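I have placed the structure first, in the form of C-alpha cells, so that the comments after it can refer back to it.
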Amino acid sequence: MSTSFEELAVGDTINGPKFDVSRESIRLFCDGSLDYNPLHLDDDYMKNSFGKTNFGGIIMHGMNNFGLITRMLTDWAYPAGAIQRRLETRWLKPVKPGDTITPVGVVKSKQSTQKSRWVLIDVLVRNQRDEHVAAGEAMVEFPLSGSTVA
Amino acid sequence: MTQASAFETDFWKDANLRKVWDEIVPGEPRKTIPYKLTLEAIQLYCRSVGEDHPLYFDEAYAKTTSYGGLIAPPSIHILLMFACTPTDDWMRTPGTINAGQSWSYNKPARPGDTITLQARALDKFIKRERLFVVHDNVFFNQHGDVICSGRGQTIRPA
C-alpha cells in the first residue's frame, strides 16, 4: 500500500492517527521532550492570565501537535521511499486534557526540480469538536529512483 | 528515565538568571551544550507521541532499509532543543508560549550521536502588545552534518 509520486494527485488525503490527550499524555510528553514548562504541569499557575488569555488549566504542548503531524507524514512517506523535508506549523487553539486530536494532510501540489521531486501538503489538526487546533504545510521529497536517500 | 532524572525539571529554578525580552539581543549566540542522544531518550520521546515505526525500535528491520540502522524521527529536535540548552536559557522561562515553528530536515539523528546546537534570537518585535522573539536553530551531529534547521516564534512573558 505504498504511494508513488506519479500516482499522487492534488487533493489526495493522508489520514493521521487519533490521539487522546490526558494529564498523563501531557506528563509523558514533558518527559519525552524535556519541556517542563508549568503551562503543562501546574494547575495553580494556570489560574493566572497570560496577557489577555486565561487558559483555565494546563494545556498540551503545541509541539505535541508537531510530533503527531510528523508521525502521520513519516508513516505515509517511509513505505514510498520518500523523506519528510520540511514542516511549518502554527497553533490556532489550545488543547486540553480530555480532548481527542486528529491530524490530516491534503496534497496541495507536486513539483519536479533539477535533481528531485517534491510534494507540498497542507496539514491540519482537529479536535473532537471539529475545531482546528493547528495548521501548517509540509514538504516531502520523492527522490528519483536510483538516487540514495538518508 | 536517566535523561529525565539528570535534567532539571523545575523550570522555576534559575528563572531569575534568564534573560527577559528586554535583554535578548537578536544576533547574539545562545549558550548551548553538546548532548549524547541515547536510544532510550529517542524511544521515550517516540512513546510520548505514539510513534511506533520499526525504524525507531527494531534494529534488525532498520538495517534492511536504506537508513542502514535505527534512526530518530525528524521531530526529535523537540527534545534536542531542551537537551542542548542550559537551565538559564530563556526558552525555559515559565509562561513562554510557542507561536509557530518551521523546520527543514537534512540527515536523520541516530542513537549514539553527539548533537550540538547553534542557536540565537534572530529578531524581536511587539505585536498587539505581545512580546515576540524569533529564534533560529541548527542542530549538527558529531560529523558536522546538519541534522535539521528551524525557526520558531515565542511570545515572552510580559
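Residues are referred to by chain and number: the chain letter is A, B, ... according to the order shown in the C-alpha cells, the number counts from 1 in that chain, and ligands are numbered separately from 1 in the order shown.
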Residues of chain A at most 8 Å from chain B: nearest atom pair and distance in Å, only C-alpha atoms, as a Markdown table:
```
| residue | atom | partner | partner_atom | distance |
| --- | --- | --- | --- | --- |
| A:Ser25 | CA | B:Ser48 | CA | 6.7 |
| A:Leu28 | CA | B:Ser48 | CA | 5.4 |
| A:Phe29 | CA | B:Ser48 | CA | 4.9 |
| A:Asp31 | CA | B:Ala4 | CA | 6.1 |
| A:Gly32 | CA | B:Tyr45 | CA | 3.8 |
| A:Ser33 | CA | B:Leu79 | CA | 4.1 |
| A:Leu34 | CA | B:Phe82 | CA | 5.9 |
| A:Asp35 | CA | B:Phe82 | CA | 6.6 |
| A:Tyr36 | CA | B:Thr9 | CA | 5.7 |
| A:Asn37 | CA | B:Pro94 | CA | 5.4 |
| A:Pro38 | CA | B:Pro94 | CA | 6.0 |
| A:Leu39 | CA | B:Gly95 | CA | 6.2 |
| A:Phe50 | CA | B:Pro157 | CA | 7.3 |
| A:Gly51 | CA | B:Ala158 | CA | 7.4 |
| A:Gly62 | CA | B:Asn98 | CA | 6.6 |
| A:Met63 | CA | B:Ile78 | CA | 7.0 |
| A:Asn64 | CA | B:Val49 | CA | 6.7 |
| A:Phe66 | CA | B:Ser75 | CA | 7.4 |
| A:Gly67 | CA | B:Ser75 | CA | 5.8 |
| A:Leu68 | CA | B:Val49 | CA | 6.0 |
| A:Thr70 | CA | B:Ser75 | CA | 6.5 |
| A:Arg71 | CA | B:Glu51 | CA | 6.1 |
| A:Asp75 | CA | B:His53 | CA | 7.2 |
| A:Gln84 | CA | B:Tyr105 | CA | 7.1 |
| A:Arg85 | CA | B:Tyr105 | CA | 4.8 |
| A:Arg86 | CA | B:Ser104 | CA | 4.4 |
| A:Leu87 | CA | B:Trp103 | CA | 5.4 |
| A:Glu88 | CA | B:Ser102 | CA | 3.9 |
| A:Thr89 | CA | B:Gln101 | CA | 5.5 |
| A:Arg90 | CA | B:Gly100 | CA | 4.2 |
| A:Trp91 | CA | B:Gly100 | CA | 6.3 |
| A:Thr148 | CA | B:Ser66 | CA | 7.7 |
| A:Val149 | CA | B:Ser66 | CA | 6.7 |
| A:Ala150 | CA | B:Tyr67 | CA | 5.7 |
```
So that I have them on file, write out the residues from the current selection with C-alpha atoms, as a PDB file, in the first residue's frame.
```
ATOM      1  CA  SER A  25      -0.172  12.033  27.985  1.00  0.00           C
ATOM      2  CA  LEU A  28       4.697  11.815  29.280  1.00  0.00           C
ATOM      3  CA  PHE A  29       5.355  14.486  26.648  1.00  0.00           C
ATOM      4  CA  ASP A  31       9.447  13.543  29.948  1.00  0.00           C
ATOM      5  CA  GLY A  32       9.845  12.792  26.225  1.00  0.00           C
ATOM      6  CA  SER A  33      10.591  16.393  25.221  1.00  0.00           C
ATOM      7  CA  LEU A  34      12.207  17.667  28.454  1.00  0.00           C
ATOM      8  CA  ASP A  35       9.824  20.617  28.244  1.00  0.00           C
ATOM      9  CA  TYR A  36       8.638  21.044  31.838  1.00  0.00           C
ATOM     10  CA  ASN A  37       7.120  24.484  31.404  1.00  0.00           C
ATOM     11  CA  PRO A  38       4.477  24.931  34.161  1.00  0.00           C
ATOM     12  CA  LEU A  39       1.946  25.668  31.379  1.00  0.00           C
ATOM     13  CA  PHE A  50      -1.202  35.395  30.179  1.00  0.00           C
ATOM     14  CA  GLY A  51      -1.638  38.815  28.650  1.00  0.00           C
ATOM     15  CA  GLY A  62       1.996  22.935  20.966  1.00  0.00           C
ATOM     16  CA  MET A  63       4.879  20.736  19.845  1.00  0.00           C
ATOM     17  CA  ASN A  64       2.826  17.641  20.666  1.00  0.00           C
ATOM     18  CA  PHE A  66       4.017  18.967  15.661  1.00  0.00           C
ATOM     19  CA  GLY A  67       5.136  15.497  16.751  1.00  0.00           C
ATOM     20  CA  LEU A  68       1.795  13.970  15.826  1.00  0.00           C
ATOM     21  CA  THR A  70       5.344  14.302  11.866  1.00  0.00           C
ATOM     22  CA  ARG A  71       4.217  10.781  12.804  1.00  0.00           C
ATOM     23  CA  ASP A  75       4.353   6.758   8.412  1.00  0.00           C
ATOM     24  CA  GLN A  84       9.909  14.349   5.144  1.00  0.00           C
ATOM     25  CA  ARG A  85      11.931  17.504   4.404  1.00  0.00           C
ATOM     26  CA  ARG A  86      10.017  20.358   5.971  1.00  0.00           C
ATOM     27  CA  LEU A  87       7.193  21.120   8.362  1.00  0.00           C
ATOM     28  CA  GLU A  88       5.792  24.516   9.263  1.00  0.00           C
ATOM     29  CA  THR A  89       3.034  24.820  11.828  1.00  0.00           C
ATOM     30  CA  ARG A  90       1.137  27.390  13.802  1.00  0.00           C
ATOM     31  CA  TRP A  91      -1.182  26.827  16.727  1.00  0.00           C
ATOM     32  CA  THR A 148      20.334   7.290  -2.468  1.00  0.00           C
ATOM     33  CA  VAL A 149      18.382   8.590   0.466  1.00  0.00           C
ATOM     34  CA  ALA A 150      19.224   9.203   4.115  1.00  0.00           C
TER      35      ALA A 150
END
```
For this session: Provide the CA of Asp22 in chain B to CA of Ser49 in chain A distance in Å, to one decimal place.
Result: 20.7 Å
Problem set entry | Contacts of Gly98 in chain A within 12 Å, only C-alpha atoms, excl. fewer than 2 positions in-chain, as a ChimeraX atom specification | /A:19-26,57-60,95-96,100-101,127-129
Problem set entry | Every residue of range 18-154 of chain B that DSSP places in strand (DSSP E), as a VMD selection string | chain B and resid 35 to 36 97 to 105 114 to 127 130 to 140 146 to 154
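Atom pair CA of Phe142 in chain A / CA of Gly16 in chain A has a distance of 19.7 Å (rounded to one decimal).
Here CA of Ser109 in chain A stands at a distance of 15.7 Å from CA of Ala77 in chain A.
For Asp130 in chain A, the set of protein, DNA and RNA residues having any atom at most 12 Å away, when counting only C-alpha atoms and skipping those fewer than 3 positions along the same chain, is A:Lys93, A:Asp99, A:Thr100, A:Ile101, A:Thr102, A:Pro103, A:Val104, A:Leu124, A:Val125, A:Arg126, A:Asn127, A:Val133, A:Ala134.
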For this session: From the DSSP assignment of the backbone, select every residue of range 10-158 of chain B that is alpha helix (DSSP H), and format the answer as a PyMOL selection string.
Result: chain B and resi 39-49+54-57+59-63+77-83
